[in-house]
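Asks: This is work-v1.cif (mmCIF, C-alpha atoms (C1' of nucleotides)).
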data_data
#
loop_
_atom_site.label_atom_id
_atom_site.label_comp_id
_atom_site.auth_asym_id
_atom_site.auth_seq_id
_atom_site.Cartn_x
_atom_site.Cartn_y
_atom_site.Cartn_z
CA MET A 1 90.11 111.64 137.99
CA ASP A 2 86.40 111.51 137.27
CA THR A 3 84.78 110.20 134.12
CA ALA A 4 83.97 113.61 132.72
CA GLU A 5 87.58 114.72 133.03
CA ARG A 6 88.87 111.52 131.48
CA TYR A 7 86.46 111.95 128.62
CA ARG A 8 87.51 115.54 128.12
CA LEU A 9 91.17 114.54 127.96
CA VAL A 10 90.62 111.65 125.60
CA ALA A 11 88.30 113.49 123.24
CA ARG A 12 89.89 116.93 123.16
CA ASN A 13 91.38 118.08 119.88
CA THR A 14 89.79 115.23 117.96
CA ALA A 15 87.71 115.41 114.82
CA GLU A 16 85.19 112.73 115.66
CA VAL A 17 84.26 110.14 118.25
CA VAL A 18 82.31 107.06 117.17
CA THR A 19 80.34 106.97 119.26
CA GLU A 20 80.46 109.42 122.12
CA ALA A 21 78.09 107.28 124.15
CA GLU A 22 80.22 104.21 123.67
CA LEU A 23 83.34 106.09 124.69
CA ARG A 24 81.64 107.45 127.83
CA ASP A 25 80.58 103.94 128.63
CA LEU A 26 84.08 102.67 128.25
CA LEU A 27 85.62 105.42 130.34
CA GLY A 28 82.80 105.46 132.82
CA ASP A 29 82.53 103.86 136.19
CA ASP A 30 83.11 100.36 135.00
CA GLY A 31 82.05 98.37 138.04
CA ASP A 32 81.47 101.47 140.14
CA SER A 33 84.84 101.21 141.86
CA ASP A 34 85.15 104.93 142.48
CA ASP A 35 86.19 104.42 146.05
CA GLY A 36 89.54 102.97 145.03
CA GLU A 37 90.43 106.29 143.43
CA ASN A 38 93.61 105.05 141.82
CA VAL A 39 93.13 103.84 138.29
CA ASP A 40 95.82 101.22 138.64
CA VAL A 41 93.58 98.60 140.16
CA ASP A 42 93.83 96.69 136.93
CA ALA A 43 96.99 95.06 138.17
CA GLU A 44 94.93 93.29 140.76
CA ALA A 45 92.21 92.46 138.30
CA LYS A 46 94.69 90.84 135.96
CA ALA A 47 96.40 89.00 138.78
CA SER A 48 93.10 87.60 139.95
CA GLY A 49 92.67 86.07 136.53
CA ASN A 50 89.28 87.39 135.51
CA GLY A 51 89.79 89.93 132.76
CA ASP A 52 86.24 91.26 133.03
CA GLU A 53 84.81 94.74 132.85
CA THR A 54 87.22 96.10 135.44
CA ASP A 55 89.96 96.08 132.80
CA VAL A 56 91.50 99.38 131.86
CA PRO A 57 90.42 100.23 128.31
CA THR A 58 93.06 99.80 125.64
CA ILE A 59 93.52 102.30 122.84
CA TYR A 60 95.69 101.55 119.86
CA ILE A 61 97.08 103.40 116.88
CA GLY A 62 98.96 101.92 113.98
CA TYR A 63 101.65 103.59 111.88
CA ALA A 64 102.77 102.06 108.62
CA PRO A 65 106.51 102.68 108.41
CA THR A 66 106.72 104.25 104.96
CA GLY A 67 108.12 107.75 104.48
CA GLU A 68 109.80 109.92 107.09
CA MET A 69 107.71 111.00 110.04
CA HIS A 70 106.21 114.46 109.99
CA ILE A 71 104.23 116.93 112.01
CA ALA A 72 100.88 115.19 111.41
CA HIS A 73 102.29 112.03 112.98
CA PHE A 74 103.46 114.15 115.86
CA THR A 75 100.00 115.58 116.55
CA THR A 76 98.53 112.10 116.82
CA ILE A 77 101.39 110.98 119.02
CA ARG A 78 100.99 114.07 121.17
CA LYS A 79 97.49 112.79 121.93
CA LEU A 80 98.95 109.60 123.37
CA ALA A 81 100.00 111.72 126.34
CA ASP A 82 96.34 112.56 126.91
CA PHE A 83 95.39 108.91 126.75
CA LEU A 84 98.06 107.94 129.23
CA HIS A 85 97.07 110.74 131.57
CA ALA A 86 93.47 109.56 131.30
CA GLY A 87 94.61 106.16 132.51
CA LEU A 88 94.24 104.22 129.28
CA ASP A 89 96.48 101.41 128.15
CA VAL A 90 98.16 102.59 124.98
CA THR A 91 99.42 100.29 122.25
CA VAL A 92 101.37 101.52 119.26
CA LEU A 93 101.47 99.20 116.30
CA VAL A 94 104.33 99.62 113.90
CA ALA A 95 102.49 98.15 110.96
CA ASP A 96 105.36 96.93 108.85
CA LEU A 97 103.34 94.59 106.67
CA HIS A 98 100.86 97.36 105.94
CA ALA A 99 103.74 99.50 104.71
CA HIS A 100 104.54 96.88 102.11
CA LEU A 101 101.00 95.85 101.25
CA ASP A 102 100.08 99.42 100.31
CA ASP A 103 101.56 99.46 96.83
CA GLU A 104 104.94 98.44 98.25
CA LYS A 105 105.49 101.93 99.64
CA SER A 106 108.27 100.37 101.66
CA PRO A 107 110.35 97.67 99.95
CA PHE A 108 110.20 94.44 101.87
CA PRO A 109 113.92 94.36 102.80
CA LEU A 110 113.64 97.82 104.40
CA LEU A 111 110.71 97.02 106.69
CA ASP A 112 112.81 96.22 109.74
CA ALA A 113 115.01 99.29 109.37
CA ARG A 114 112.04 101.58 108.89
CA SER A 115 110.22 99.98 111.81
CA ALA A 116 113.23 100.65 114.00
CA TYR A 117 113.31 104.26 112.81
CA TYR A 118 109.58 104.73 113.46
CA ARG A 119 109.85 103.27 116.89
CA GLU A 120 112.71 105.54 117.81
CA ALA A 121 110.94 108.59 116.39
CA ILE A 122 107.68 107.78 118.13
CA THR A 123 109.48 107.25 121.42
CA GLY A 124 111.10 110.65 121.00
CA MET A 125 107.79 112.33 120.25
CA VAL A 126 106.02 110.75 123.20
CA LYS A 127 108.79 111.98 125.44
CA ALA A 128 108.70 115.43 123.88
CA ALA A 129 104.97 115.49 124.58
CA GLY A 130 105.68 115.05 128.26
CA ALA A 131 104.65 111.43 128.64
CA ASP A 132 106.59 108.31 129.49
CA PRO A 133 107.42 106.16 126.46
CA GLU A 134 107.92 103.19 128.78
CA ALA A 135 104.19 103.24 129.48
CA ILE A 136 103.43 102.48 125.87
CA GLU A 137 103.36 99.00 124.48
CA PHE A 138 105.04 98.80 121.10
CA ILE A 139 104.35 95.93 118.77
CA GLN A 140 105.37 95.22 115.21
CA GLY A 141 102.83 93.83 112.76
CA ARG A 142 104.76 90.73 111.92
CA GLU A 143 104.81 89.67 115.56
CA PHE A 144 101.15 88.63 115.43
CA GLU A 145 99.77 89.13 111.93
CA LEU A 146 101.24 85.82 110.80
CA ASP A 147 99.71 83.73 113.57
CA SER A 148 97.56 80.94 112.22
CA ASP A 149 94.40 82.14 114.00
CA TYR A 150 94.89 85.56 112.54
CA SER A 151 95.46 84.16 109.08
CA LEU A 152 92.38 82.01 109.28
CA ASP A 153 90.24 84.97 110.34
CA LEU A 154 91.69 87.01 107.52
CA LEU A 155 90.79 84.40 104.94
CA ARG A 156 87.31 84.00 106.34
CA MET A 157 86.80 87.74 106.18
CA ALA A 158 88.12 87.80 102.63
CA ALA A 159 85.51 85.20 101.76
CA ASP A 160 82.62 87.43 102.69
CA THR A 161 83.82 90.90 101.81
CA THR A 162 83.48 92.37 98.34
CA VAL A 163 86.25 94.09 96.44
CA ALA A 164 84.07 97.17 96.13
CA ARG A 165 83.68 97.28 99.90
CA VAL A 166 87.39 97.16 100.72
CA ARG A 167 88.21 99.64 97.98
CA ARG A 168 85.77 102.10 99.45
CA ALA A 169 87.07 101.46 102.96
CA GLY A 170 90.68 102.03 102.00
CA SER A 171 90.20 104.81 99.48
CA GLU A 172 91.67 107.53 101.72
CA VAL A 173 94.54 105.42 103.00
CA VAL A 174 95.69 102.98 100.39
CA ARG A 175 97.33 104.33 97.27
CA GLN A 176 94.78 104.28 94.48
CA SER A 177 95.52 102.94 91.04
CA GLU A 178 93.66 101.79 87.97
CA THR A 179 95.23 98.42 88.48
CA PRO A 180 95.28 97.86 92.25
CA ASN A 181 97.35 95.10 93.74
CA LEU A 182 95.74 92.54 95.94
CA GLY A 183 97.79 93.81 98.87
CA GLY A 184 95.98 97.09 99.00
CA LEU A 185 92.64 95.34 99.00
CA ILE A 186 93.58 93.01 101.83
CA TYR A 187 94.88 95.98 103.80
CA PRO A 188 91.56 97.12 105.34
CA LEU A 189 90.78 93.59 106.47
CA LEU A 190 94.21 93.24 108.02
CA GLN A 191 93.77 96.48 109.88
CA SER A 192 90.35 95.44 111.11
CA LEU A 193 91.77 92.26 112.43
CA ASP A 194 94.56 94.16 114.15
CA VAL A 195 91.97 95.80 116.36
CA ALA A 196 90.75 92.41 117.50
CA ALA A 197 94.17 90.79 117.76
CA LEU A 198 95.53 93.63 119.86
CA ASP A 199 92.47 93.49 122.04
CA ALA A 200 91.89 97.20 121.56
CA ASP A 201 88.71 98.80 122.83
CA ILE A 202 89.41 102.01 120.97
CA ALA A 203 90.88 102.42 117.51
CA TYR A 204 92.62 105.75 117.14
CA GLY A 205 93.91 107.33 113.96
CA GLY A 206 93.61 110.21 111.54
CA LEU A 207 90.25 110.95 110.01
CA ASP A 208 91.55 109.35 106.82
CA GLN A 209 91.31 106.02 108.64
CA ARG A 210 87.58 106.44 109.07
CA GLY A 211 86.59 104.27 106.13
CA ILE A 212 88.66 101.37 107.36
CA TYR A 213 87.44 101.48 110.93
CA MET A 214 83.83 101.80 109.84
CA LEU A 215 84.41 98.57 107.95
CA SER A 216 85.89 97.13 111.14
CA ARG A 217 82.81 98.05 113.11
CA GLU A 218 80.71 96.30 110.50
CA VAL A 219 82.75 93.20 109.92
CA LEU A 220 84.33 92.34 113.29
CA PRO A 221 81.04 91.51 115.02
CA GLU A 222 80.24 89.13 112.19
CA HIS A 223 83.36 87.22 113.12
CA GLY A 224 82.88 87.11 116.84
CA TYR A 225 84.74 90.23 117.90
CA ASP A 226 83.64 93.51 119.45
CA ALA A 227 83.24 96.57 117.28
CA PRO A 228 85.81 99.15 118.38
CA VAL A 229 85.02 102.63 119.58
CA CYS A 230 86.72 104.96 117.11
CA LEU A 231 88.57 108.16 117.75
CA PHE A 232 89.74 110.27 114.85
CA ALA A 233 92.33 113.00 114.74
CA PRO A 234 91.74 115.98 112.47
CA LEU A 235 93.77 116.02 109.27
CA LEU A 236 96.15 118.94 109.11
CA SER A 237 96.10 121.36 106.22
CA GLY A 238 99.10 121.51 103.94
CA LEU A 239 101.46 124.44 104.37
CA SER A 240 101.23 125.17 100.67
CA GLY A 241 97.45 125.31 100.89
CA GLY A 242 94.83 122.60 100.49
CA LYS A 243 95.36 119.15 101.90
CA MET A 244 98.68 118.15 103.32
CA SER A 245 100.52 115.68 101.14
CA ALA A 246 103.18 113.50 102.68
CA SER A 247 104.93 113.36 99.33
CA ASP A 248 105.06 117.15 98.98
CA GLU A 249 107.95 118.39 101.12
CA ALA A 250 106.74 121.99 101.08
CA SER A 251 103.36 121.04 102.51
CA LYS A 252 104.64 119.75 105.85
CA VAL A 253 107.38 119.92 108.43
CA ASN A 254 109.28 116.70 109.05
CA VAL A 255 110.28 115.86 112.59
CA THR A 256 113.92 115.76 111.55
CA ASP A 257 113.93 118.93 109.46
CA PRO A 258 116.81 121.23 110.40
CA THR A 259 115.94 124.52 112.10
CA GLU A 260 116.57 126.54 108.97
CA GLU A 261 114.19 124.39 106.95
CA VAL A 262 111.46 124.65 109.58
CA HIS A 263 111.68 128.44 109.33
CA GLU A 264 111.67 128.35 105.55
CA LYS A 265 108.63 126.11 105.35
CA ILE A 266 106.62 128.07 107.89
CA GLY A 267 107.66 131.34 106.27
CA ALA A 268 106.41 130.12 102.90
CA ALA A 269 103.15 128.76 104.33
CA TYR A 270 99.73 129.71 103.11
CA CYS A 271 98.41 131.97 105.82
CA PRO A 272 95.79 134.56 104.87
CA ARG A 273 95.24 137.37 107.26
CA GLY A 274 92.45 136.68 109.72
CA GLU A 275 91.61 133.34 108.15
CA ILE A 276 91.52 130.08 110.08
CA GLU A 277 90.22 127.77 107.40
CA GLY A 278 92.99 125.66 105.90
CA ASN A 279 95.61 127.53 107.90
CA GLY A 280 98.30 124.97 108.64
CA VAL A 281 100.34 127.29 110.81
CA LEU A 282 97.47 127.81 113.23
CA GLU A 283 96.70 124.11 113.20
CA TYR A 284 100.26 123.23 114.16
CA LEU A 285 99.90 125.55 117.12
CA GLN A 286 96.50 124.29 118.12
CA TYR A 287 97.18 120.59 117.92
CA LEU A 288 100.82 120.36 118.78
CA VAL A 289 102.52 123.40 120.23
CA PHE A 290 99.90 124.65 122.67
CA PRO A 291 99.08 121.27 124.22
CA ILE A 292 102.77 120.77 124.91
CA LEU A 293 103.16 124.29 126.30
CA ASP A 294 100.14 123.68 128.52
CA GLU A 295 101.76 120.53 129.79
CA ARG A 296 104.79 122.57 130.81
CA ASP A 297 102.73 125.51 131.96
CA GLU A 298 104.49 127.86 129.57
CA PRO A 299 102.96 130.68 127.53
CA PHE A 300 103.32 131.45 123.84
CA VAL A 301 105.29 134.62 123.38
CA ILE A 302 105.37 136.63 120.20
CA GLU A 303 108.08 139.22 119.87
CA ARG A 304 106.86 142.03 117.73
CA PRO A 305 108.27 145.43 116.72
CA GLU A 306 106.79 148.37 118.63
CA GLN A 307 105.57 149.70 115.32
CA TYR A 308 103.11 146.80 115.11
CA GLY A 309 102.05 146.76 118.73
CA GLY A 310 105.00 145.29 120.60
CA ASP A 311 105.32 141.85 122.18
CA VAL A 312 102.26 139.76 122.97
CA THR A 313 101.83 136.72 125.19
CA TYR A 314 99.15 134.08 124.82
CA GLY A 315 98.22 131.61 127.51
CA SER A 316 95.90 129.63 125.30
CA TYR A 317 95.40 128.82 121.65
CA ASP A 318 91.89 130.24 121.75
CA ALA A 319 93.21 133.63 122.78
CA LEU A 320 95.72 133.62 119.97
CA GLU A 321 93.15 132.54 117.44
CA ALA A 322 90.75 135.26 118.55
CA ASP A 323 93.43 137.90 117.98
CA PHE A 324 94.29 136.45 114.61
CA VAL A 325 90.68 136.43 113.49
CA ALA A 326 90.29 140.02 114.72
CA GLU A 327 93.37 140.81 112.68
CA GLU A 328 95.10 142.08 115.76
CA LEU A 329 97.82 139.56 114.98
CA HIS A 330 99.52 139.73 111.61
CA PRO A 331 100.51 136.52 109.77
CA GLN A 332 104.13 137.64 109.54
CA ASP A 333 104.45 138.02 113.30
CA LEU A 334 102.59 134.78 113.85
CA LYS A 335 104.85 132.91 111.47
CA THR A 336 108.08 134.11 112.97
CA ALA A 337 107.05 133.03 116.45
CA ALA A 338 105.36 129.82 115.28
CA ALA A 339 108.46 128.71 113.40
CA ALA A 340 110.58 129.12 116.52
CA TYR A 341 108.13 127.21 118.71
CA ILE A 342 107.61 124.46 116.16
CA ASP A 343 111.33 124.11 115.80
CA ASP A 344 111.63 123.88 119.57
CA THR A 345 108.95 121.23 119.70
CA VAL A 346 110.60 119.11 117.09
CA SER A 347 114.18 119.60 118.23
CA PRO A 348 114.34 116.81 120.85
CA VAL A 349 113.28 114.32 118.21
CA ARG A 350 115.80 115.67 115.76
CA ALA A 351 118.48 115.48 118.45
CA ARG A 352 117.76 111.80 118.97
CA PHE A 353 118.65 111.08 115.37
CA ALA A 354 121.73 113.24 115.51
CA ASP A 355 122.95 110.59 117.95
CA ARG A 356 121.72 107.72 115.81
CA PRO A 357 122.35 108.65 112.17
CA ASP A 358 122.44 104.96 111.30
CA LEU A 359 118.69 104.63 111.86
CA LEU A 360 117.80 107.09 109.12
CA ARG A 361 120.55 105.89 106.84
CA GLU A 362 119.40 102.31 106.99
CA ALA A 363 115.71 103.17 106.72
CA TYR A 364 116.17 105.49 103.73
CA PRO A 365 119.43 104.44 102.09
CA GLU A 366 118.68 106.28 98.87
CA ARG A 367 118.27 109.60 100.68
CA TYR A 368 120.98 109.33 103.31
CA ASP A 369 123.99 107.67 101.80
"C1'" C B 1 102.33 79.17 77.07
"C1'" C B 2 100.14 82.58 73.25
"C1'" G B 3 98.36 87.50 71.60
"C1'" C B 4 97.89 92.79 72.22
"C1'" G B 5 98.89 97.66 74.44
"C1'" C B 6 102.03 101.07 76.97
"C1'" U B 7 107.14 103.33 78.27
"C1'" U B 8 108.89 111.05 76.01
"C1'" A B 9 110.20 117.09 81.55
"C1'" G B 10 108.70 116.32 88.69
"C1'" C B 11 103.15 114.80 86.98
"C1'" U B 12 99.42 114.01 82.86
"C1'" C B 13 100.37 113.43 78.05
"C1'" A B 14 100.97 115.23 72.52
"C1'" G B 15 104.56 114.24 68.69
"C1'" C B 16 105.62 108.48 65.72
"C1'" C B 17 101.33 106.90 60.51
"C1'" U B 18 104.44 110.24 56.25
"C1'" G B 19 112.38 110.46 59.53
"C1'" G B 20 114.49 116.95 59.38
"C1'" C B 21 116.41 121.95 65.91
"C1'" A B 22 111.97 117.47 71.48
"C1'" G B 23 106.73 120.05 72.71
"C1'" A B 24 101.94 121.48 75.66
"C1'" G B 25 99.23 121.80 80.22
"C1'" C B 26 100.11 121.48 85.23
"C1'" A B 27 103.94 121.71 88.88
"C1'" G B 28 108.52 124.21 90.16
"C1'" C B 29 111.95 128.52 90.44
"C1'" C B 30 112.84 134.03 90.13
"C1'" G B 31 110.96 138.97 90.23
"C1'" A B 32 106.63 142.84 90.93
"C1'" C B 33 102.44 143.76 94.25
"C1'" U B 34 100.97 142.98 99.20
"C1'" G B 35 104.27 144.16 106.44
"C1'" U B 36 103.57 136.66 105.53
"C1'" A B 37 101.85 133.18 102.26
"C1'" G B 38 98.14 132.82 98.45
"C1'" A B 39 95.70 135.14 94.26
"C1'" U B 40 97.21 138.26 90.09
"C1'" C B 41 100.84 140.04 86.59
"C1'" G B 42 105.96 139.55 84.21
"C1'" G B 43 110.00 136.24 83.32
"C1'" C B 44 112.70 131.53 83.51
"C1'" U B 45 114.24 126.44 84.09
"C1'" U B 46 113.44 121.34 83.24
"C1'" G B 47 115.07 115.57 79.20
"C1'" U B 48 119.46 108.58 79.20
"C1'" C B 49 112.46 110.31 74.22
"C1'" C B 50 113.17 102.49 78.53
"C1'" C B 51 117.89 99.70 76.66
"C1'" C B 52 120.94 97.51 72.65
"C1'" C B 53 121.84 96.65 67.47
"C1'" G B 54 120.66 98.04 62.53
"C1'" U B 55 118.80 101.19 58.08
"C1'" U B 56 119.69 106.41 56.77
"C1'" C B 57 123.16 112.38 55.10
"C1'" A B 58 119.71 112.49 59.35
"C1'" A B 59 115.95 108.17 64.14
"C1'" A B 60 111.58 109.87 69.76
"C1'" U B 61 109.69 108.47 64.75
"C1'" C B 62 111.54 103.02 60.38
"C1'" G B 63 113.45 97.47 61.10
"C1'" G B 64 115.31 93.61 64.56
"C1'" G B 65 116.34 92.05 69.54
"C1'" G B 66 115.61 92.82 74.76
"C1'" A B 67 113.65 94.89 79.54
"C1'" G B 68 109.81 96.77 82.53
"C1'" U B 69 104.65 97.27 83.11
"C1'" G B 70 99.54 96.34 82.08
"C1'" C B 71 95.58 93.78 79.63
"C1'" G B 72 93.45 89.72 77.19
"C1'" G B 73 93.32 84.57 75.56
"C1'" A B 74 94.08 79.44 76.25
"C1'" C B 75 92.21 75.45 80.40
"C1'" C B 76 86.79 73.77 83.11
"C1'" A B 77 89.51 67.70 84.85
#
Re-express the file's structure as structure tokens.
Replies:
Amino acid sequence: MDTAERYRLVARNTAEVVTEAELRDLLGDDGDSDDGENVDVDAEAKASGNGDETDVPTIYIGYAPTGEMHIAHFTTIRKLADFLHAGLDVTVLVADLHAHLDDEKSPFPLLDARSAYYREAITGMVKAAGADPEAIEFIQGREFELDSDYSLDLLRMAADTTVARVRRAGSEVVRQSETPNLGGLIYPLLQSLDVAALDADIAYGGLDQRGIYMLSREVLPEHGYDAPVCLFAPLLSGLSGGKMSASDEASKVNVTDPTEEVHEKIGAAYCPRGEIEGNGVLEYLQYLVFPILDERDEPFVIERPEQYGGDVTYGSYDALEADFVAEELHPQDLKTAAAAYIDDTVSPVRARFADRPDLLREAYPERYD
RNA sequence: CCGCGCUUAGCUCAGCCUGGCAGAGCAGCCGACUGUAGAUCGGCUUGUCCCCCGUUCAAAUCGGGGAGUGCGGACCA
């Protein structure tokens, strides 16, 4: 696979790359070893001891195990398949300490149970996206965030970072309050240090993470580490209009929602005729359903009464969007089909938990008792 | 350790001074209109007034005790 193709895969369906040049550099002919066309030469490089520029780039994403996983998580996890196919090393951090530091969104005693649930859910999503979960390195925050070197770096960073700076950095991620806890202020520094500790070349996350990773790019070099290349996923619109809110059930589909609920939520979704802006239903298709269909080489089929034009088949999201914008495709017909495909997409993950009800029960005892 | 504030619907809060049927906005739910949703219109629901004890014919309201939460003070060897 050539550099241009790798770049296309890595950057497609993202909101922003910081910076494109740096990413090209990273993916480019590092060492000009094009002749050995297989990307897996890193095994030799590592064996030979010199972890130099022939290393395969590592990309990482962190998930704080707080509430139940939803469709927005799934879209970012779907991208991991692209990264793997582009030959990147992929690390998934289950950021348990973050989940507690952010206003104690997860109670400390539940961190392990929720981490186990996240890991299982993520594994299921990676698999559903057509990639091999075994190829991903999972790590839990506590496994390295308590190391003495890490702690020392954290304290040294705390010494030269202002409260105003970390508040600004975390404003889109950390729960805001008039009386913020120290944990939420430490959070951006912790996350910055994660990049370094995990040896990640690329930090990947939703666009809401931008503030934090911009801080990382600023502060890591001052402490002897490389600034990460950043890759941001677009934030999905809420189904009830406006921004998606994880705490508003109607604004999102959870990966374990039953079929009936998926249909109800999509049916109730904000979806103005011909309008793309803020249209969650279309976004679900663009960022999740179509990439997975592409992977399987399957089309998107809409069954429609003859009265409204009969069945239609779309081979690409762009074609569907064009019809929708032209108002050749009515929201009602779109919704019915979308709900079925979304339900299909999510069903393998849901099935996993049907086999392991204990994971959800232990992670969210108050909801599943 | 000391002082002060706050706690009322899912959320933000009013009501407390001066005791008399527990309220508003937003959210939510249901209809109408749209071949979806939204917008709009019409309608509706929502309570351990933080807890306990007391005063009173009557307590969200007054008195005492307590809890939770937040703020401030004290200290500068």
Asks: Suppose you want the space between atom CA of Ala250 of chain A and atom CA of Gly238 of chain A; what is it in Å?
Replies: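 If I compute the distance from atom CA of Ala250 of chain A to atom CA of Gly238 of chain A, I get 8.2 Å.
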Asks: For chain B against chain A, which residues fall within 7 Å using all atoms listed in the file, given as a ChimeraX atom specification?
Replies: /B:36-38
Asks: Scan for residues within 9 Å of the point (111.3, 102.9, 79.6) in the coordinates of the file, using only C-alpha atoms (C1' of nucleotides), and reply as an mmCIF file with C-alpha atoms (C1' of nucleotides), in the coordinates of the input.
Replies:
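Listing of part_27.cif after writing:
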data_model
loop_
_atom_site.group_PDB
_atom_site.id
_atom_site.type_symbol
_atom_site.label_atom_id
_atom_site.label_comp_id
_atom_site.auth_asym_id
_atom_site.auth_seq_id
_atom_site.Cartn_x
_atom_site.Cartn_y
_atom_site.Cartn_z
ATOM 1 C "C1'" U B 7 107.140 103.330 78.270
ATOM 2 C "C1'" C B 50 113.170 102.490 78.530
ATOM 3 C "C1'" C B 51 117.890 99.700 76.660
ATOM 4 C "C1'" A B 67 113.650 94.890 79.540
ATOM 5 C "C1'" G B 68 109.810 96.770 82.530
#
Asks: Kindly indicate which residue among A:Glu275, A:Asp343, A:Glu218, A:Asp153 lies nearest to Asp194 of chain A, using all atoms listed in the file for the distances.
Replies: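 Of all the options, A:Asp153 lies closest to Asp194 of chain A.
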Asks: Translate the PyMOL selection byres ((chain B and resi 10) around 9), as applied to the file shown, into an explicit residue set as a ChimeraX atom specification.
Replies: /B:9,11,27-28,46
Asks: Selected by the PyMOL selection byres ((chain B and resi 17) around 10) in the shown coordinates: which residues, as a CSV table (one decimal) with C-alpha atoms (C1' of nucleotides), in the frame of the given file?
Replies:
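As a result, selection.csv now contains:
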chain,number,residue,atom,x,y,z
B,16,C,C1',105.6,108.5,65.7
B,18,U,C1',104.4,110.2,56.2
B,61,U,C1',109.7,108.5,64.8
Asks: Complete the atom set of segment 10-15 of chain A to all heavy atoms and return it as an mmCIF file, in the frame of the given file.
Replies:
data_model
loop_
_atom_site.group_PDB
_atom_site.id
_atom_site.type_symbol
_atom_site.label_atom_id
_atom_site.label_comp_id
_atom_site.auth_asym_id
_atom_site.auth_seq_id
_atom_site.Cartn_x
_atom_site.Cartn_y
_atom_site.Cartn_z
ATOM 1 N N VAL A 10 90.535 112.592 126.716
ATOM 2 C CA VAL A 10 90.620 111.650 125.600
ATOM 3 C C VAL A 10 90.071 112.266 124.321
ATOM 4 O O VAL A 10 90.644 112.102 123.236
ATOM 5 C CB VAL A 10 89.858 110.347 125.923
ATOM 6 C CG1 VAL A 10 89.735 109.460 124.690
ATOM 7 C CG2 VAL A 10 90.559 109.597 127.057
ATOM 8 N N ALA A 11 88.980 113.000 124.438
ATOM 9 C CA ALA A 11 88.300 113.490 123.240
ATOM 10 C C ALA A 11 88.759 114.870 122.767
ATOM 11 O O ALA A 11 88.433 115.280 121.662
ATOM 12 C CB ALA A 11 86.788 113.520 123.489
ATOM 13 N N ARG A 12 89.541 115.566 123.571
ATOM 14 C CA ARG A 12 89.890 116.930 123.160
ATOM 15 C C ARG A 12 90.785 116.921 121.914
ATOM 16 O O ARG A 12 91.582 115.999 121.715
ATOM 17 C CB ARG A 12 90.564 117.693 124.303
ATOM 18 C CG ARG A 12 91.983 117.254 124.590
ATOM 19 C CD ARG A 12 92.676 118.264 125.496
ATOM 20 N NE ARG A 12 93.998 117.775 125.875
ATOM 21 C CZ ARG A 12 94.946 118.559 126.400
ATOM 22 N NH1 ARG A 12 94.694 119.830 126.657
ATOM 23 N NH2 ARG A 12 96.126 118.052 126.711
ATOM 24 N N ASN A 13 90.609 117.955 121.127
ATOM 25 C CA ASN A 13 91.380 118.080 119.880
ATOM 26 C C ASN A 13 91.200 116.920 118.917
ATOM 27 O O ASN A 13 92.124 116.584 118.177
ATOM 28 C CB ASN A 13 92.872 118.258 120.176
ATOM 29 C CG ASN A 13 93.192 119.627 120.745
ATOM 30 O OD1 ASN A 13 92.477 120.591 120.482
ATOM 31 N ND2 ASN A 13 94.250 119.708 121.528
ATOM 32 N N THR A 14 90.044 116.284 118.950
ATOM 33 C CA THR A 14 89.790 115.230 117.960
ATOM 34 C C THR A 14 88.736 115.714 116.982
ATOM 35 O O THR A 14 88.017 116.681 117.246
ATOM 36 C CB THR A 14 89.285 113.931 118.614
ATOM 37 O OG1 THR A 14 88.064 114.190 119.303
ATOM 38 C CG2 THR A 14 90.312 113.373 119.583
ATOM 39 N N ALA A 15 88.665 115.018 115.853
ATOM 40 C CA ALA A 15 87.710 115.410 114.820
ATOM 41 C C ALA A 15 86.375 114.712 115.005
ATOM 42 O O ALA A 15 85.326 115.254 114.685
ATOM 43 C CB ALA A 15 88.278 115.084 113.443
#
